[in-house]
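What follows is a set of notes on a single structure, which appears directly below.
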2 protein chains.
Amino acid sequence: MTANSGRHFLQIPGPTNVPDRVLRAISAPTIDHRGPDFAELALDVLQRVKPVFGTSGPVVIYPSSGTGAWEAALVNTLSPGDRVLAFETGHFATLWRDMAEGLGLVVDFVPGDWRRGVDPAVVAERLAADEQHSIAAVMVVHNETSTGVVSRVPEIRAAIDEADHPALLLVDTISSLASIDYRHDEWGVDVTVSCSQKGLMLPPGLGFNAISEKALAAAAGSRLPKSYWDWAPILEANELGSYPYTPPTNLLYGLREALALLEGEGLPNVFARHTRHAEATRAAVRGWGLEVLCADEREYSSSLTAVLLGDEHDANKVRQIILDRFDMSLGTGLGKLAGRVFRIGHLGDFNDLTLAGTLAGVQMGLELAGVPIDPTGTQAALEVLRA
Amino acid sequence: MTANSGRHFLQIPGPTNVPDRVLRAISAPTIDHRGPDFAELALDVLQRVKPVFGTSGPVVIYPSSGTGAWEAALVNTLSPGDRVLAFETGHFATLWRDMAEGLGLVVDFVPGDWRRGVDPAVVAERLAADEQHSIAAVMVVHNETSTGVVSRVPEIRAAIDEADHPALLLVDTISSLASIDYRHDEWGVDVTVSCSQKGLMLPPGLGFNAISEKALAAAAGSRLPKSYWDWAPILEANELGSYPYTPPTNLLYGLREALALLEGEGLPNVFARHTRHAEATRAAVRGWGLEVLCADEREYSSSLTAVLLGDEHDANKVRQIILDRFDMSLGTGLGKLAGRVFRIGHLGDFNDLTLAGTLAGVQMGLELAGVPIDPTGTQAALEVLRA
């Protein structure tokens with residue numbers, strides 16, 4: 001790693017800073033995954049993770065990245081040639097579309113400008129036009145990690161209901177879970193996809209699917225080939241705290257610790273903390289005289305803020321200076337945003353003074369890169385934090 | 001975990017005991033997977049893992065269990081309806097068969113008695129009879145973890161060559177890699193499947209595919225749907241030390257440490273150590289008057305020993321007594337061996353005195369369970385160790 005003194009500032013929008021007690025937990029000796037201690041661990045975390053998704057139904061945990069959990073949501077519920085409705089909200093929505101096509105699904109992909117979330121009116125319109133009910137699922141990225149824009153899932157749900165359409169609702173919460181208010185059951189989501197390395201404050205390596213009863217029913221008729229991702233044997237084994245294949249024991253130790261941290265703070269407080277840090281960050285961006293990429297204030301992200309630079313400045317040069325001088329990692333611009341934005345992650349294990357340091361580093365880096373800014377930006381953020 | 005004092009004896013045939021320095025390595029803070037430090041880590045471990053497989057070709061590392069690496073080997077090389085030849089050498093060979101069928105392949109499954117490995121003569125015979133070359137791949141489990149029997153891969157390779165058959169050779173080394181001599185390139189294996197939690201001495205969570213040029217060529221024409229497991233984008237990203245999706249950073253820290261341990265000891269010494277511990281274990285079993293499950297001395301496993309009990313004794317009762325009294329986990333009998341065998345893992349981070357403790361615990365447990373044995377068994381093992 002770097003030879004700099006002090007702690008690295010990992011302010012990409014995930015993987016996030018892992019709390020010391022979670023790191024210590026994952027370094028405990030590995031145990032027999034068929035023994036009684038493992039079963040107790042598995043039954044415990046499989047139960048306690050449910051409130052984080054806002055569900056009383058089953059949550060499957062895979063040894064995988066979040067990308068694996070995307071694939072699991074598709075192959076468990078759909079069949080070759082099924083039509084799905086998806087929205088170009090950013091880089092990750094586009095990658096999920098690519099995956100769906102690669103697996104043999106037919107994707108209606110609604111274009112977008114990467115500055116707005118899914119428009120519920122378009123959902124309503126597309127589903128109303130689908131009189132044959134040939135659309136099997138609607139795929140939504142809740143918080144688009146590449147843009148810092150949150151799609152309004154309750155309004156999307158309402159649009160589906162208004163059209164009286166039976167499509168499944170599949171939602172990616174990779175960078176919103178345990179950071180932004182989310183309610184799998186209340187919002188009628190059928191599969192919620194997530195991962196370990198963002199709001200759950202763990203290293204990468206766990207993928208999640210929260211599953212509705214409707215999704216379970218769809219799984220029974222799904223014909224996409226599946227084995228590793230197949231919910232059925234996992235749900236059956238999980239009943240007894242076991243797995244059909246070797247589970248990721250040490251990350252599950254970490255999950256138990258992370259759940260204890262979230263329970264201790266309380267989810268509403270966790271969400272409020274993220275909201276406040278996002279407000280302070282936007283105050284800094286505006287104070288600097290720069291533009292937040294998200295174009296609709298109803299869709300601001302509490303997990304990250306993407307900052308748009310003018311064409312005359314290279315966002316990656318700014319990031320490189322900040323990494324070299326201040327040992328802080330920021331998120332790069334992905335896909336068509338490459339070089340035009342940088343992203344500040346303010347999610348996970350995070351507090352006021354870490355945010356103050358983060359914004360100070362961004363401010364000094366912008367100045368060193370020759371981007372003309374108003375240096376009162378960081379002060380504007382502190383006023384939000386002090387309030 | 002258990003409240004007992006001292007260290008737990010984790011003598012299942014994997015997950016194995018993880019060395020302290022590997023546990024400490026995985027508890028280092030997670031870093032930016034798109035930053036320079038991560039690229040250096042990835043390029044380093046992707047290169048240094050190759051000698052462990054005996055290959056100079058690419059090795060793909062997945063965030064997954066070994067079961068995921070099984071699926072990757074199949075979906076990257078084969079197409080729906082392809083015929084594959086597989087062998088009932090035990091529980092895991094049977095599960096791999098089930099997976100292949102579930103993914104839409106047609107499996108010729110050669111029955112077996114779970115006490116012997118793949119018979120090279122049968123490979124020769126089956127392939128010679130396949131004049132149309134309709135068999136696309138031969139699937140072999142190198143060390144069958146459920147039985148402690150090693151299939152002779154070089155002789156299987158010779159049988160394929162003798163039949164002048166173009167089938168791919170896919171080999172599972174889940175419980176043999178870095179424990180039993182294995183040579184991907186020299187033996188002409190096309191895909192070698194493995195995982196982190198056995199000879200590599202890591203927690204579960206990494207899956208591996210070592211890939212031959214012939215397998216890469218087959219991948220170009222393979223039509224099984226794939227996305228997460230697709231080699232192509234991973235190999236492309238790996239060139240620069242990156243990944244197409246979030247990599248399992250902390251387990252890769254551990255892998256770097258584990259590779260340093262293996263390099264320090266030297267692979268020939270690692271294999272010799274495992275061979276010697278296996279010999280000592282078999283001396284103990286025979287000394288007790290019990291039977292080793294493996295029926296052919298050319299196929300003895302250096303990773304584990306499965307011990308067969310007569311019908312009048314329940315192997316799981318013996319295991320339970322040993323867990324309760326001596327805080328040691330042994331492997332259970334899987335599938336049709338349930339209750340009839342227990343398995344002693346002697347692979348990974350292991351030494352003479354840990355083996356002595358392990359065998360002492362087995363001996364005392366057998367006596368406490370009322371299994372009539374000759375108590376000189378452990379002494380017979382010590383004579384092997386002392387020699």
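Chain labels A, B, ... are given in the sequence in which chains occur in the structure tokens; within each chain residues are numbered consecutively from 1, and ligands are likewise numbered from 1 in the order shown.
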**Request:** Residues of chain B no more than 7 Å from chain A, counting only C-alpha atoms: send them over as an MDAnalysis selection string.
**Result:** chainID B and resid 1 10 15 17:18 23:24 26:32 37 63:65 67:68 99 102:103 203:205 225:228 245:250 329
Selected residues written out with C-alpha atoms, as an mmCIF file, in the first residue's frame:
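The result, written out as part26.cif:
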data_model
loop_
_atom_site.group_PDB
_atom_site.id
_atom_site.type_symbol
_atom_site.label_atom_id
_atom_site.label_comp_id
_atom_site.auth_asym_id
_atom_site.auth_seq_id
_atom_site.Cartn_x
_atom_site.Cartn_y
_atom_site.Cartn_z
ATOM 1 C CA MET B 1 -17.707 -20.533 19.032
ATOM 2 C CA LEU B 10 -10.208 -28.121 12.445
ATOM 3 C CA PRO B 15 -11.879 -25.391 5.103
ATOM 4 C CA ASN B 17 -6.660 -24.139 9.488
ATOM 5 C CA VAL B 18 -5.778 -20.660 8.231
ATOM 6 C CA LEU B 23 -5.745 -14.118 8.932
ATOM 7 C CA ARG B 24 -3.909 -10.923 9.787
ATOM 8 C CA ILE B 26 -7.162 -10.355 5.317
ATOM 9 C CA SER B 27 -7.921 -7.930 8.143
ATOM 10 C CA ALA B 28 -6.012 -5.054 6.494
ATOM 11 C CA PRO B 29 -8.189 -2.126 5.385
ATOM 12 C CA THR B 30 -9.963 -2.570 2.051
ATOM 13 C CA ILE B 31 -8.498 -0.431 -0.752
ATOM 14 C CA ASP B 32 -9.728 1.152 -4.001
ATOM 15 C CA ASP B 37 -2.068 -0.420 -5.097
ATOM 16 C CA PRO B 63 -15.242 -14.076 -5.865
ATOM 17 C CA SER B 64 -17.032 -17.415 -5.355
ATOM 18 C CA SER B 65 -16.868 -20.820 -3.741
ATOM 19 C CA THR B 67 -18.742 -24.698 -6.807
ATOM 20 C CA GLY B 68 -18.766 -21.447 -8.768
ATOM 21 C CA MET B 99 -24.669 -29.319 -12.112
ATOM 22 C CA GLY B 102 -28.856 -28.762 -14.689
ATOM 23 C CA LEU B 103 -27.028 -26.509 -17.127
ATOM 24 C CA PRO B 203 -10.966 -18.816 4.222
ATOM 25 C CA PRO B 204 -13.603 -19.767 1.622
ATOM 26 C CA GLY B 205 -14.481 -17.167 -1.005
ATOM 27 C CA PRO B 225 -25.179 -18.429 -21.440
ATOM 28 C CA LYS B 226 -22.681 -16.715 -19.171
ATOM 29 C CA SER B 227 -21.961 -13.345 -17.704
ATOM 30 C CA TYR B 228 -20.460 -13.443 -14.196
ATOM 31 C CA TYR B 245 -16.548 -6.252 -11.269
ATOM 32 C CA THR B 246 -15.530 -5.651 -7.684
ATOM 33 C CA PRO B 247 -12.809 -8.165 -6.788
ATOM 34 C CA PRO B 248 -12.490 -9.900 -3.372
ATOM 35 C CA THR B 249 -9.770 -7.535 -2.166
ATOM 36 C CA ASN B 250 -9.185 -8.847 1.353
ATOM 37 C CA SER B 329 -14.036 -31.282 13.908
#
**Asked** Which polymer residues have any atom within 9 Å of an atom of Val318 in chain A, counting only C-alpha atoms, with same-chain residues fewer than 4 positions away left out, as a list in words?
**Response**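 Near Val318 in chain A, the qualifying residues are His313, Asp314, Ile322, Leu323, Phe342, Val362, Gly365, Leu366, Glu367, Leu368, Ala369, Gly370 and Val371 of chain A.
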**Neighbour list for Ser301 in chain A as a list of chain:residue names, cut-off 7 Å, only C-alpha atoms, skip fewer than 3 positions in-chain** = A:Asn143, A:Gly148, A:Val149, A:Val150, A:Leu304, A:Thr305
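Residues with any atom within 12 Å of Leu309 in chain B, counting only C-alpha atoms and excluding same-chain neighbours fewer than 4 positions away, are Val285, Trp288, Gly289, Leu290, Glu291, Val292, Leu293, His313, Asp314, Ala315, Asn316, Lys317, Val318, Gly333, Leu337, Ala338, Gly339, Arg340, Val341, Phe342, Arg343, Leu366, Ala369, Gly370, Val371, Pro372 and Ile373 of chain B.
You will find CA of Asn351 in chain B at 22.6 Å from CA of Glu299 in chain B.
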**Request:** Please provide as a ChimeraX atom specification all residues within 10 Å of Arg126 in chain A, with the sequence filter that same-chain residues fewer than 5 positions apart are discarded (counting only C-alpha atoms).
**Result:** /A:85,108,110,120-121,131,135,159-160,163
